[in-house]
Each structure stands twice: as structure tokens, then as C-alpha cells.
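*Asks:* The following file, entry13.txt, comprises compact mmCIF, C-alpha atoms:
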```
# COMPACT_ATOMS: atom_id res chain seq x y z
CA MET A 1 250.13 -49.30 201.68
CA ALA A 2 250.61 -46.60 199.05
CA LEU A 3 247.09 -47.19 197.75
CA ARG A 4 245.64 -46.93 201.24
CA SER A 5 247.53 -43.70 201.84
CA ALA A 6 246.19 -42.33 198.57
CA HIS A 7 242.59 -43.36 199.37
CA ALA A 8 242.40 -45.56 196.29
CA PRO A 9 238.99 -46.85 195.15
CA LYS A 10 237.73 -50.04 196.76
CA ALA A 11 238.22 -52.06 193.58
CA GLN A 12 241.92 -51.21 193.52
CA LEU A 13 242.29 -51.92 197.23
CA ASP A 14 240.61 -55.29 196.75
CA LYS A 15 243.08 -56.21 194.01
CA ALA A 16 246.01 -55.09 196.16
CA ARG A 17 244.66 -57.01 199.14
CA SER A 18 244.37 -60.20 197.08
CA ALA A 19 247.91 -59.81 195.77
CA THR A 20 249.28 -59.13 199.25
CA LEU A 21 247.48 -62.14 200.70
CA ALA A 22 248.83 -64.36 197.93
CA ALA A 23 252.38 -63.10 198.49
CA ALA A 24 252.07 -63.55 202.25
CA ALA A 25 250.77 -67.09 201.81
CA SER A 26 253.69 -67.92 199.53
CA THR A 27 256.23 -66.54 202.00
CA ILE A 28 254.65 -68.34 204.94
CA LYS A 29 254.55 -71.62 203.02
CA ALA A 30 258.18 -71.26 201.95
CA SER A 31 259.46 -70.40 205.43
CA GLY A 32 257.33 -72.72 207.50
CA ASP A 33 257.93 -70.31 210.38
CA PRO A 34 255.35 -67.66 211.35
CA GLY A 35 258.09 -65.46 212.79
CA TYR A 36 260.43 -65.89 209.85
CA HIS A 37 260.13 -62.31 208.60
CA GLY A 38 259.32 -60.02 211.50
CA GLY A 39 259.39 -56.84 209.44
CA LEU A 40 257.36 -58.42 206.64
CA ALA A 41 254.73 -59.63 209.10
CA ALA A 42 254.52 -56.10 210.51
CA LYS A 43 254.25 -54.54 207.05
CA ASN A 44 251.51 -56.98 206.05
CA LEU A 45 249.63 -56.31 209.28
CA LEU A 46 249.72 -52.56 208.69
CA ALA A 47 248.72 -52.93 205.04
CA LEU A 48 245.92 -55.43 205.57
CA ASP A 49 244.36 -54.36 208.87
CA GLY A 50 240.77 -53.34 208.23
CA LEU A 51 240.77 -55.06 204.84
CA THR A 52 240.94 -58.68 206.01
CA ASP A 53 241.29 -60.79 209.15
CA VAL A 54 244.92 -60.19 210.12
CA HIS A 55 244.63 -62.92 212.74
CA ASN A 56 244.26 -65.57 210.04
CA VAL A 57 246.42 -65.03 206.99
CA SER A 58 247.02 -68.52 205.62
CA GLY A 59 246.59 -69.76 209.16
CA ILE A 60 248.98 -67.23 210.65
CA ASP A 61 248.06 -64.56 213.18
CA LEU A 62 250.11 -61.59 211.96
CA SER A 63 249.91 -59.86 215.35
CA LYS A 64 251.41 -62.90 217.05
CA ALA A 65 253.96 -63.27 214.25
CA VAL A 66 255.21 -59.75 214.91
CA THR A 67 255.39 -60.29 218.66
CA SER A 68 257.16 -63.62 218.26
CA SER A 69 259.82 -61.97 216.11
CA ILE A 70 260.88 -59.64 218.94
CA ARG A 71 263.96 -61.15 220.54
CA PRO A 72 264.87 -60.81 224.26
CA SER A 73 267.11 -57.87 223.37
CA GLY A 74 264.15 -56.14 221.72
CA MET A 75 265.57 -56.48 218.22
CA VAL A 76 263.12 -57.69 215.60
CA GLN A 77 264.35 -60.83 213.87
CA GLY A 78 262.03 -63.74 213.21
CA SER A 79 264.82 -66.26 212.64
CA PRO A 80 268.58 -66.25 211.98
CA GLU A 81 267.84 -65.94 208.25
CA ASP A 82 265.71 -62.82 208.79
CA THR A 83 267.88 -59.74 208.21
CA PRO A 84 267.57 -57.23 211.07
CA GLY A 85 267.55 -53.50 210.51
CA THR A 86 265.99 -50.21 211.50
CA PHE A 87 263.23 -50.63 208.90
CA PRO A 88 261.81 -53.91 210.28
CA GLN A 89 262.35 -52.57 213.80
CA ALA A 90 260.33 -49.42 213.13
CA LEU A 91 257.63 -51.36 211.27
CA ALA A 92 257.27 -53.70 214.24
CA VAL A 93 256.94 -50.76 216.64
CA MET A 94 254.21 -49.35 214.39
CA ALA A 95 252.47 -52.72 214.33
CA VAL A 96 252.50 -53.25 218.10
CA SER A 97 251.37 -49.65 218.57
CA GLN A 98 248.51 -50.18 216.15
CA ASN A 99 247.34 -53.51 217.59
CA GLY A 100 247.45 -52.41 221.23
CA SER A 101 250.44 -54.47 222.37
CA LEU A 102 253.02 -51.69 222.73
CA THR A 103 252.76 -51.83 226.51
CA SER A 104 253.33 -55.60 226.59
CA PRO A 105 256.84 -56.74 227.61
CA ALA A 106 257.76 -57.57 224.01
CA GLY A 107 256.29 -54.31 222.72
CA ARG A 108 258.23 -52.21 225.22
CA LYS A 109 261.44 -54.05 224.38
CA SER A 110 260.99 -53.38 220.67
CA LEU A 111 260.45 -49.67 221.34
CA THR A 112 263.41 -49.41 223.71
CA PHE A 113 265.67 -51.11 221.19
CA LEU A 114 264.53 -48.73 218.46
CA LEU A 115 265.29 -45.75 220.70
CA HIS A 116 268.83 -47.07 221.18
CA GLN A 117 269.35 -46.60 217.45
CA GLN A 118 269.04 -42.82 217.81
CA CYS A 119 272.26 -40.82 218.11
CA ARG A 120 272.52 -37.65 220.16
CA PRO A 121 272.07 -35.26 217.19
CA GLY A 122 268.63 -36.80 216.66
CA TRP A 123 269.14 -39.02 213.64
CA PHE A 124 268.87 -42.80 213.50
CA HIS A 125 271.44 -45.14 212.02
CA TYR A 126 270.79 -48.52 210.42
CA LEU A 127 271.07 -51.19 213.11
CA SER A 128 272.71 -54.52 212.36
CA ASN A 129 272.66 -56.78 215.42
CA ASP A 130 271.39 -57.41 218.95
CA SER A 131 273.90 -55.05 220.53
CA SER A 132 273.42 -52.15 218.10
CA ASP A 133 273.48 -48.76 219.79
CA CYS A 134 273.88 -45.61 217.71
CA ASP A 135 276.14 -43.61 220.04
CA LYS A 136 278.28 -46.58 221.09
CA ASP A 137 278.62 -47.76 217.49
CA HIS A 138 279.41 -44.26 216.17
CA GLY A 139 276.59 -44.82 213.70
CA GLN A 140 276.19 -42.84 210.52
CA PRO A 141 273.06 -40.77 209.86
CA ASP A 142 270.46 -42.39 207.63
CA VAL A 143 267.57 -40.25 206.38
CA ASP A 144 265.30 -43.19 205.54
CA SER A 145 265.84 -44.86 208.91
CA THR A 146 265.19 -41.57 210.68
CA ALA A 147 262.00 -40.88 208.73
CA LEU A 148 260.53 -44.33 209.32
CA SER A 149 261.51 -44.14 212.99
CA ILE A 150 259.63 -40.85 213.30
CA LEU A 151 256.51 -42.55 211.95
CA ALA A 152 257.02 -45.37 214.45
CA LEU A 153 257.47 -42.95 217.35
CA ASP A 154 254.37 -41.02 216.32
CA ALA A 155 252.41 -44.28 216.44
CA ALA A 156 253.97 -45.23 219.78
CA SER A 157 253.24 -41.82 221.28
CA ASN A 158 249.58 -42.16 220.32
CA ALA A 159 249.49 -45.67 221.77
CA ASP A 160 251.11 -44.62 225.06
CA PRO A 161 250.63 -40.88 225.68
CA SER A 162 251.94 -41.25 229.24
CA ASP A 163 255.52 -41.94 228.11
CA SER A 164 257.18 -38.55 227.62
CA THR A 165 260.41 -40.08 226.32
CA ILE A 166 258.71 -41.05 223.06
CA PRO A 167 257.73 -37.56 221.82
CA ALA A 168 261.03 -36.18 223.11
CA ALA A 169 262.98 -38.63 220.93
CA ARG A 170 260.64 -38.02 218.01
CA ASP A 171 261.00 -34.25 218.21
CA ARG A 172 264.79 -34.52 218.12
CA ALA A 173 264.52 -36.72 215.04
CA VAL A 174 262.07 -34.32 213.37
CA ALA A 175 264.36 -31.36 214.02
CA TRP A 176 267.31 -33.16 212.43
CA LEU A 177 265.33 -34.52 209.48
CA ALA A 178 264.02 -31.07 208.61
CA THR A 179 267.60 -29.84 208.22
CA GLN A 180 268.27 -32.50 205.58
CA GLN A 181 265.81 -31.13 203.05
CA LEU A 182 267.57 -29.76 200.01
CA PRO A 183 266.75 -26.29 198.64
CA ASN A 184 264.73 -27.88 195.82
CA GLY A 185 262.55 -29.78 198.31
CA GLY A 186 264.00 -33.24 197.80
CA PHE A 187 265.76 -35.52 200.26
CA ALA A 188 268.80 -37.73 199.71
CA THR A 189 269.53 -40.90 201.63
CA SER A 190 272.89 -39.55 202.79
CA ALA A 191 274.64 -36.19 202.62
CA GLY A 192 276.10 -35.55 199.19
CA ASP A 193 273.87 -38.05 197.40
CA GLU A 194 271.41 -37.17 194.67
CA PRO A 195 267.86 -36.71 196.01
CA ASN A 196 265.52 -39.57 195.27
CA ALA A 197 261.77 -40.16 195.25
CA ASN A 198 261.81 -42.99 197.82
CA THR A 199 263.55 -40.96 200.50
CA THR A 200 261.62 -37.79 199.68
CA GLY A 201 258.25 -39.53 199.97
CA LEU A 202 259.14 -41.17 203.27
CA ALA A 203 260.59 -37.98 204.75
CA ALA A 204 257.55 -36.00 203.64
CA ALA A 205 255.21 -38.42 205.40
CA ALA A 206 257.29 -38.30 208.58
CA LEU A 207 257.38 -34.50 208.66
CA ALA A 208 253.74 -33.90 207.73
CA PRO A 209 252.31 -33.57 211.27
CA HIS A 210 255.30 -31.53 212.46
CA ARG A 211 256.67 -29.52 209.52
CA PRO A 212 253.83 -29.27 206.99
CA SER A 213 255.63 -26.65 204.93
CA ALA A 214 258.51 -29.09 204.42
CA THR A 215 256.06 -31.74 203.27
CA HIS A 216 254.46 -29.36 200.77
CA LYS A 217 257.90 -28.50 199.43
CA ALA A 218 258.72 -32.21 199.11
CA ALA A 219 255.43 -32.79 197.30
CA ASP A 220 256.41 -30.11 194.78
CA TRP A 221 259.72 -31.90 194.19
CA VAL A 222 257.93 -35.21 193.62
CA ALA A 223 255.45 -33.53 191.28
CA HIS A 224 258.32 -32.29 189.13
CA SER A 225 259.64 -35.87 189.00
CA THR A 226 256.32 -37.25 187.77
CA LEU A 227 255.60 -38.15 184.15
CA THR A 228 252.58 -36.18 182.98
CA SER A 229 251.92 -37.76 179.60
CA GLY A 230 252.42 -40.95 177.64
CA PRO A 231 251.60 -44.60 178.38
CA ASP A 232 253.17 -44.40 181.84
CA ALA A 233 251.79 -41.03 182.93
CA GLY A 234 251.81 -40.81 186.71
CA ALA A 235 255.03 -42.76 187.17
CA ILE A 236 257.61 -41.04 189.36
CA ARG A 237 261.31 -41.03 188.50
CA TYR A 238 263.55 -42.42 191.21
CA MET A 239 266.20 -39.74 190.61
CA PRO A 240 266.37 -36.54 188.53
CA SER A 241 269.34 -37.98 186.63
CA GLN A 242 266.92 -40.43 185.00
CA ALA A 243 265.13 -37.61 183.19
CA ASP A 244 267.07 -38.24 179.97
CA LYS A 245 265.82 -41.83 179.87
CA MET A 246 262.34 -41.26 181.33
CA LYS A 247 260.65 -38.60 179.23
CA ASN A 248 257.08 -37.41 179.05
CA GLY A 249 255.12 -39.04 176.26
CA GLN A 250 257.37 -42.10 176.14
CA PRO A 251 257.17 -45.51 177.85
CA ILE A 252 259.48 -46.24 180.76
CA PRO A 253 262.58 -48.14 179.60
CA ASP A 254 262.53 -51.79 180.65
CA ASP A 255 265.68 -51.43 182.75
CA LEU A 256 264.04 -48.71 184.86
CA ARG A 257 260.53 -50.13 185.18
CA ASP A 258 260.97 -52.12 188.40
CA THR A 259 262.79 -49.27 190.11
CA THR A 260 260.10 -46.84 189.00
CA VAL A 261 257.28 -48.99 190.36
CA LEU A 262 258.98 -49.04 193.76
CA SER A 263 259.81 -45.34 193.74
CA THR A 264 256.28 -44.38 192.72
CA ALA A 265 254.74 -46.42 195.54
CA GLN A 266 256.84 -44.69 198.18
CA ALA A 267 256.87 -41.22 196.61
CA ILE A 268 253.06 -41.14 196.72
CA MET A 269 253.45 -40.60 200.46
CA ALA A 270 254.52 -37.02 199.72
CA PHE A 271 251.08 -36.34 198.22
CA ALA A 272 249.15 -38.38 200.80
CA PRO A 273 251.30 -38.36 203.95
CA THR A 274 249.53 -40.92 206.11
CA ASN A 275 251.15 -42.88 208.92
CA PRO A 276 250.55 -46.58 208.12
CA ALA A 277 249.58 -47.14 211.75
CA HIS A 278 246.78 -44.58 211.42
CA TYR A 279 244.96 -45.43 208.20
CA SER A 280 241.65 -44.88 209.97
CA ASN A 281 242.61 -41.26 210.72
CA PRO A 282 244.67 -40.01 207.77
CA ALA A 283 246.44 -36.68 207.53
CA PRO A 284 245.24 -34.18 204.93
CA ALA A 285 246.72 -34.76 201.50
CA CYS A 286 249.43 -32.38 200.34
CA ARG A 287 248.82 -30.69 197.02
CA ALA A 288 251.77 -29.79 194.86
CA SER A 289 251.79 -26.14 193.90
```
Translate this file's structure into C-alpha cells.

*Replies:*
Amino acid sequence: MALRSAHAPKAQLDKARSATLAAAASTIKASGDPGYHGGLAAKNLLALDGLTDVHNVSGIDLSKAVTSSIRPSGMVQGSPEDTPGTFPQALAVMAVSQNGSLTSPAGRKSLTFLLHQQCRPGWFHYLSNDSSDCDKDHGQPDVDSTALSILALDAASNADPSDSTIPAARDRAVAWLATQQLPNGGFATSAGDEPNANTTGLAAAALAPHRPSATHKAADWVAHSTLTSGPDAGAIRYMPSQADKMKNGQPIPDDLRDTTVLSTAQAIMAFAPTNPAHYSNPAPACRAS
């Protein structure tokens, strides 16, 4: 998804597609259940749509896999072993918005359940079960959940422009998320935490259509967290506190490599803030100053 957001060359996209297909095939084979990972099916659908036949990934129709993972309550959970949460919920809403099934009974339920995870101040908490409701549960604000939910609501609003409740909820979330940006441009997962590249990249992508100046500021923060020389030039530190161990001109320490790969993939969204549901109509890239 990061490579698609960044408009990577076809050769790189082909390699990523092959790796994603192989991983999806392995997961499907291991689970034996097409609805086993609802959020994973949604993520694969968003990543692969337009690159391969998403209706036949190792014999599985990813669109149907997403729909089948939506429970009667609207919560996304493919099976009891599939961990629910706001991330898979938002990804599923993006997927059903992208594939045209948002207005189906299952699609509407998934959207309604996601909206129940928004508290009155505008932020989203991290849901945990079928009865999750942010206000009733006295949920705690989560920047990542709010940012991904904004992307989902943007996709849903485009899929169903007649539903005014969707942009209303999104605008409340955008207003709250914008207040969470730190003076240096970064975002932290929770108040008081150190800013990190994952959260900053995701928040930047969510705010891009609504608060472009905030996205540019976030891109500057990410740029200052990026290695500019050495064998791993281009890698993005997860947190500023890693600067002593991740220095320009030097390789990434082994104990930070996996974290850095993940943080770089998500932080790229600050430079190329594209909604995964809209890869065919990307937003302009943000240039760090």
C-alpha cells in the first residue's frame, strides 16, 4: 500500500504484488476459512485491487471474504480467533466503499458500528467487542484509530454522498485530530507520548484533504526523521529518541530494523497522502520544506 501511495515503478509494484499474493495464499491455507481475518482480507483487497483479480486470490474472493467477516452487530471479525478492533473495522468500511457494497445490509452495518466507536469530542477509541460503543464505554482517545477512521469515512462519503451523517462524523474527527498535532509537526499515539513516524504518517494522510497545512507540517517532521546517507538512506526512524542508534551514514542496528521497515512504510503516507480506497485518484504529494 505504501508503494502504491508513493507511485512506485511498475517493477517494484509487481514484486510487492507477488509477495502479497504469496502471503495471502499462506494465510488462507493456514486458516482454511475465507473470513478468518476480516481486516487482513480488506487490507489485501485495497492493496491488490487493480493489480490482480481480487475475486480469485488462491481461490478466495476477497470482496466476499470482507463481507462474510461482518457480523450481525456490524463488527468485523472473521472468526472467534480473529482479533476485532477499530483498524480492521475501518479497513473493512474502506473495502466495502471501494467495491460498491457499502449500501448493502452488511456494508451499512459495518459503517454504523464504526460510527458507534466515535465519542462526542470527535475522536475514536479502539473497539474490543460486539457491544463496543465509545460514549457508553467511556473510551479513551486514540490518534491512530481516529486517523484511519477518517480515511474510512472519506471513502464512505464518496461511496454514498446522500448520507449526511458520514461527513458530519468525519468533520468532527478531523477537527479533533488537527488539535493533536505537536508544535514540531509530529503526532503521538496518545497524549504525553513521544511522537512517532507511524502515527504521524497516518494522521497526515487523514488530514490531507481537509487540513493540508497540517499534512505539510507532518511531512517536514517525517523528513527530519529520515536517514539521508549510508546503506539505509531513506529509512525513517520510528521515534526521535532512536536518533542516537540510527545515524546518517551508518547501517540500521539489527534490533531496530524490523520496526524501521514498518515505520517507513506507514510514514511514507505523509509524503504521498493517498486514501487506500482511492488509489485511482490520488491526492497531490506533499513535499517537505

*Asks:* Would you list the contacts of Leu46 of chain A as a PDB file with C-alpha atoms, in the frame of the given file, taking every protein, DNA or RNA residue within 8 Å and counting only C-alpha atoms, but skipping same-chain residues closer than 2 positions in sequence?

*Replies:*
```pdb
ATOM      1  CA  MET A   1     250.130 -49.300 201.680  1.00  0.00           C
ATOM      2  CA  ALA A  42     254.520 -56.100 210.510  1.00  0.00           C
ATOM      3  CA  LYS A  43     254.250 -54.540 207.050  1.00  0.00           C
ATOM      4  CA  ASN A  44     251.510 -56.980 206.050  1.00  0.00           C
ATOM      5  CA  LEU A  48     245.920 -55.430 205.570  1.00  0.00           C
ATOM      6  CA  ASP A  49     244.360 -54.360 208.870  1.00  0.00           C
ATOM      7  CA  MET A  94     254.210 -49.350 214.390  1.00  0.00           C
ATOM      8  CA  ALA A  95     252.470 -52.720 214.330  1.00  0.00           C
ATOM      9  CA  GLN A  98     248.510 -50.180 216.150  1.00  0.00           C
ATOM     10  CA  PRO A 276     250.550 -46.580 208.120  1.00  0.00           C
ATOM     11  CA  ALA A 277     249.580 -47.140 211.750  1.00  0.00           C
TER      12      ALA A 277
END
```

*Asks:* Distance atom CA of Arg172 of chain A-atom CA of Pro121 of chain A, one decimal place?

*Replies:*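 Going from atom CA of Arg172 of chain A over to atom CA of Pro121 of chain A covers 7.4 Å.
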
*Asks:* For Leu227 of chain A, list every protein, DNA or RNA residue within 8 Å, evaluated using all atoms listed in the file, and leave out those in the same chain fewer than 2 positions away; present the list as a short mmCIF file (atom, residue, chain, number, x, y, z; two decimals) with C-alpha atoms, in the coordinates of the input.

*Replies:*
```cif
data_model
loop_
_atom_site.label_atom_id
_atom_site.label_comp_id
_atom_site.auth_asym_id
_atom_site.auth_seq_id
_atom_site.Cartn_x
_atom_site.Cartn_y
_atom_site.Cartn_z
CA SER A 225 259.64 -35.87 189.00
CA SER A 229 251.92 -37.76 179.60
CA GLY A 230 252.42 -40.95 177.64
CA ASP A 232 253.17 -44.40 181.84
CA ALA A 233 251.79 -41.03 182.93
CA GLY A 234 251.81 -40.81 186.71
CA ALA A 235 255.03 -42.76 187.17
CA ILE A 236 257.61 -41.04 189.36
CA ARG A 237 261.31 -41.03 188.50
CA MET A 246 262.34 -41.26 181.33
CA LYS A 247 260.65 -38.60 179.23
CA ASN A 248 257.08 -37.41 179.05
CA GLY A 249 255.12 -39.04 176.26
#
```

*Asks:* So that I can check the surroundings of His116 of chain A, please list as a VMD selection string every protein, DNA and RNA residue that reaches within 12 Å of it, counting all atoms listed in the file and ignoring chain neighbours fewer than 2 positions away.

*Replies:* chain A and resid 73 to 75 86 89 to 90 109 to 114 118 to 120 122 to 127 129 to 137 139 149 166 169

*Asks:* Put those residues in a file: C-alpha atoms, as a PDB file, in the frame of the given file.

*Replies:*
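Output saved as result-v9.pdb:
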```
ATOM      1  CA  SER A  73     267.110 -57.870 223.370  1.00  0.00           C
ATOM      2  CA  GLY A  74     264.150 -56.140 221.720  1.00  0.00           C
ATOM      3  CA  MET A  75     265.570 -56.480 218.220  1.00  0.00           C
ATOM      4  CA  THR A  86     265.990 -50.210 211.500  1.00  0.00           C
ATOM      5  CA  GLN A  89     262.350 -52.570 213.800  1.00  0.00           C
ATOM      6  CA  ALA A  90     260.330 -49.420 213.130  1.00  0.00           C
ATOM      7  CA  LYS A 109     261.440 -54.050 224.380  1.00  0.00           C
ATOM      8  CA  SER A 110     260.990 -53.380 220.670  1.00  0.00           C
ATOM      9  CA  LEU A 111     260.450 -49.670 221.340  1.00  0.00           C
ATOM     10  CA  THR A 112     263.410 -49.410 223.710  1.00  0.00           C
ATOM     11  CA  PHE A 113     265.670 -51.110 221.190  1.00  0.00           C
ATOM     12  CA  LEU A 114     264.530 -48.730 218.460  1.00  0.00           C
ATOM     13  CA  GLN A 118     269.040 -42.820 217.810  1.00  0.00           C
ATOM     14  CA  CYS A 119     272.260 -40.820 218.110  1.00  0.00           C
ATOM     15  CA  ARG A 120     272.520 -37.650 220.160  1.00  0.00           C
ATOM     16  CA  GLY A 122     268.630 -36.800 216.660  1.00  0.00           C
ATOM     17  CA  TRP A 123     269.140 -39.020 213.640  1.00  0.00           C
ATOM     18  CA  PHE A 124     268.870 -42.800 213.500  1.00  0.00           C
ATOM     19  CA  HIS A 125     271.440 -45.140 212.020  1.00  0.00           C
ATOM     20  CA  TYR A 126     270.790 -48.520 210.420  1.00  0.00           C
ATOM     21  CA  LEU A 127     271.070 -51.190 213.110  1.00  0.00           C
ATOM     22  CA  ASN A 129     272.660 -56.780 215.420  1.00  0.00           C
ATOM     23  CA  ASP A 130     271.390 -57.410 218.950  1.00  0.00           C
ATOM     24  CA  SER A 131     273.900 -55.050 220.530  1.00  0.00           C
ATOM     25  CA  SER A 132     273.420 -52.150 218.100  1.00  0.00           C
ATOM     26  CA  ASP A 133     273.480 -48.760 219.790  1.00  0.00           C
ATOM     27  CA  CYS A 134     273.880 -45.610 217.710  1.00  0.00           C
ATOM     28  CA  ASP A 135     276.140 -43.610 220.040  1.00  0.00           C
ATOM     29  CA  LYS A 136     278.280 -46.580 221.090  1.00  0.00           C
ATOM     30  CA  ASP A 137     278.620 -47.760 217.490  1.00  0.00           C
ATOM     31  CA  GLY A 139     276.590 -44.820 213.700  1.00  0.00           C
ATOM     32  CA  SER A 149     261.510 -44.140 212.990  1.00  0.00           C
ATOM     33  CA  ILE A 166     258.710 -41.050 223.060  1.00  0.00           C
ATOM     34  CA  ALA A 169     262.980 -38.630 220.930  1.00  0.00           C
TER      35      ALA A 169
END
```

*Asks:* Once you count only C-alpha atoms, which residues end up no further than 7 Å from (253.6, -62.3, 207.9) in the file's frame, shown as a list in words?

*Replies:*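 Residues with an atom close enough to that point: Ala24, Ile28, Pro34, His37, Leu40, Ala41, Ala42, Asn44, Leu62 and Ala65 of chain A.
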
*Asks:* Between A:Val143, A:Val57, A:Leu45, A:Val93, which one has atoms that come closest to Ser26 of chain A, using only C-alpha atoms?

*Replies:*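 That would be A:Val57, the residue with the smallest distance to Ser26 of chain A.
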
*Asks:* Quick one: pull the distance between atom CA of Val174 of chain A and atom CA of Thr146 of chain A, Å, one decimal.

*Replies:*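 Between atom CA of Val174 of chain A and atom CA of Thr146 of chain A the gap is 8.3 Å.
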
*Asks:* Take the point (246.7, -55.4, 197.4) in the file's coordinates, draw a sphere of radius 12 Å around it, and report as JSON, numbers by chain every protein, DNA or RNA residue with an atom inside or on it, counting all atoms listed in the file.

*Replies:* {"A": [1, 2, 3, 4, 8, 9, 10, 11, 12, 13, 14, 15, 16, 17, 18, 19, 20, 21, 22, 23, 24, 44, 47, 48, 49, 51, 52]}

*Asks:* Which is closest to Phe271 of chain A among A:Thr200, A:Ser104, A:Gln242, A:Ser128, if we use only C-alpha atoms?

*Replies:*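 Nearest candidate to Phe271 of chain A out of A:Thr200, A:Ser104, A:Gln242, A:Ser128: A:Thr200.
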
*Asks:* Env of Trp221 of chain A: 7 Å cut, atoms = only C-alpha atoms, seq-sep filter 6 positions within chain, self excluded. Answer as a PyMOL selection string.

*Replies:* chain A and resi 184-186

*Asks:* Need to verify the contact set: Asp82 of chain A, 10 Å, all atoms listed in the file, exclusion of same-chain residues closer than 4 positions in sequence. Can you return it as a PDB file with C-alpha atoms, in the frame of the given file?

*Replies:*
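As a result, part_4.pdb now contains:
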```
ATOM      1  CA  GLY A  35     258.090 -65.460 212.790  1.00  0.00           C
ATOM      2  CA  TYR A  36     260.430 -65.890 209.850  1.00  0.00           C
ATOM      3  CA  HIS A  37     260.130 -62.310 208.600  1.00  0.00           C
ATOM      4  CA  GLY A  38     259.320 -60.020 211.500  1.00  0.00           C
ATOM      5  CA  GLY A  39     259.390 -56.840 209.440  1.00  0.00           C
ATOM      6  CA  LEU A  40     257.360 -58.420 206.640  1.00  0.00           C
ATOM      7  CA  SER A  69     259.820 -61.970 216.110  1.00  0.00           C
ATOM      8  CA  VAL A  76     263.120 -57.690 215.600  1.00  0.00           C
ATOM      9  CA  GLN A  77     264.350 -60.830 213.870  1.00  0.00           C
ATOM     10  CA  GLY A  78     262.030 -63.740 213.210  1.00  0.00           C
ATOM     11  CA  PRO A  88     261.810 -53.910 210.280  1.00  0.00           C
TER      12      PRO A  88
END
```

*Asks:* When you draw a straight line from atom CA of Leu91 of chain A to atom CA of Ser157 of chain A, how long is it in Å?

*Replies:*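 Value for the atom CA of Leu91 of chain A-atom CA of Ser157 of chain A distance: 14.5 Å.
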
*Asks:* Generate the coordinates of N, CA, C and O atoms for segment 91-102 of chain A; report them as a tab-separated table (two decimals), keeping the file's coordinate frame.

*Replies:*
```
chain	number	residue	atom	x	y	z
A	91	LEU	N	258.91	-50.80	211.70
A	91	LEU	CA	257.63	-51.36	211.27
A	91	LEU	C	256.98	-52.17	212.40
A	91	LEU	O	255.76	-52.11	212.60
A	92	ALA	N	257.80	-52.91	213.13
A	92	ALA	CA	257.27	-53.70	214.24
A	92	ALA	C	256.73	-52.80	215.34
A	92	ALA	O	255.68	-53.08	215.94
A	93	VAL	N	257.43	-51.70	215.63
A	93	VAL	CA	256.94	-50.76	216.64
A	93	VAL	C	255.61	-50.15	216.19
A	93	VAL	O	254.69	-49.99	216.99
A	94	MET	N	255.49	-49.84	214.90
A	94	MET	CA	254.21	-49.35	214.39
A	94	MET	C	253.12	-50.40	214.55
A	94	MET	O	251.99	-50.09	214.94
A	95	ALA	N	253.46	-51.65	214.26
A	95	ALA	CA	252.47	-52.72	214.33
A	95	ALA	C	251.99	-52.95	215.76
A	95	ALA	O	250.79	-53.07	216.01
A	96	VAL	N	252.92	-53.01	216.72
A	96	VAL	CA	252.50	-53.25	218.10
A	96	VAL	C	251.78	-52.03	218.68
A	96	VAL	O	250.94	-52.16	219.58
A	97	SER	N	252.09	-50.85	218.15
A	97	SER	CA	251.37	-49.65	218.57
A	97	SER	C	249.94	-49.68	218.03
A	97	SER	O	248.99	-49.33	218.73
A	98	GLN	N	249.82	-50.14	216.80
A	98	GLN	CA	248.51	-50.18	216.15
A	98	GLN	C	247.61	-51.25	216.75
A	98	GLN	O	246.40	-51.06	216.89
A	99	ASN	N	248.19	-52.40	217.12
A	99	ASN	CA	247.34	-53.51	217.59
A	99	ASN	C	247.17	-53.54	219.11
A	99	ASN	O	246.59	-54.47	219.65
A	100	GLY	N	247.69	-52.52	219.79
A	100	GLY	CA	247.45	-52.41	221.23
A	100	GLY	C	248.42	-53.16	222.12
A	100	GLY	O	248.20	-53.24	223.33
A	101	SER	N	249.51	-53.68	221.55
A	101	SER	CA	250.44	-54.47	222.37
A	101	SER	C	251.75	-53.75	222.67
A	101	SER	O	252.71	-54.37	223.11
A	102	LEU	N	251.78	-52.43	222.45
A	102	LEU	CA	253.02	-51.69	222.73
A	102	LEU	C	253.42	-51.80	224.19
A	102	LEU	O	254.61	-51.87	224.51
```
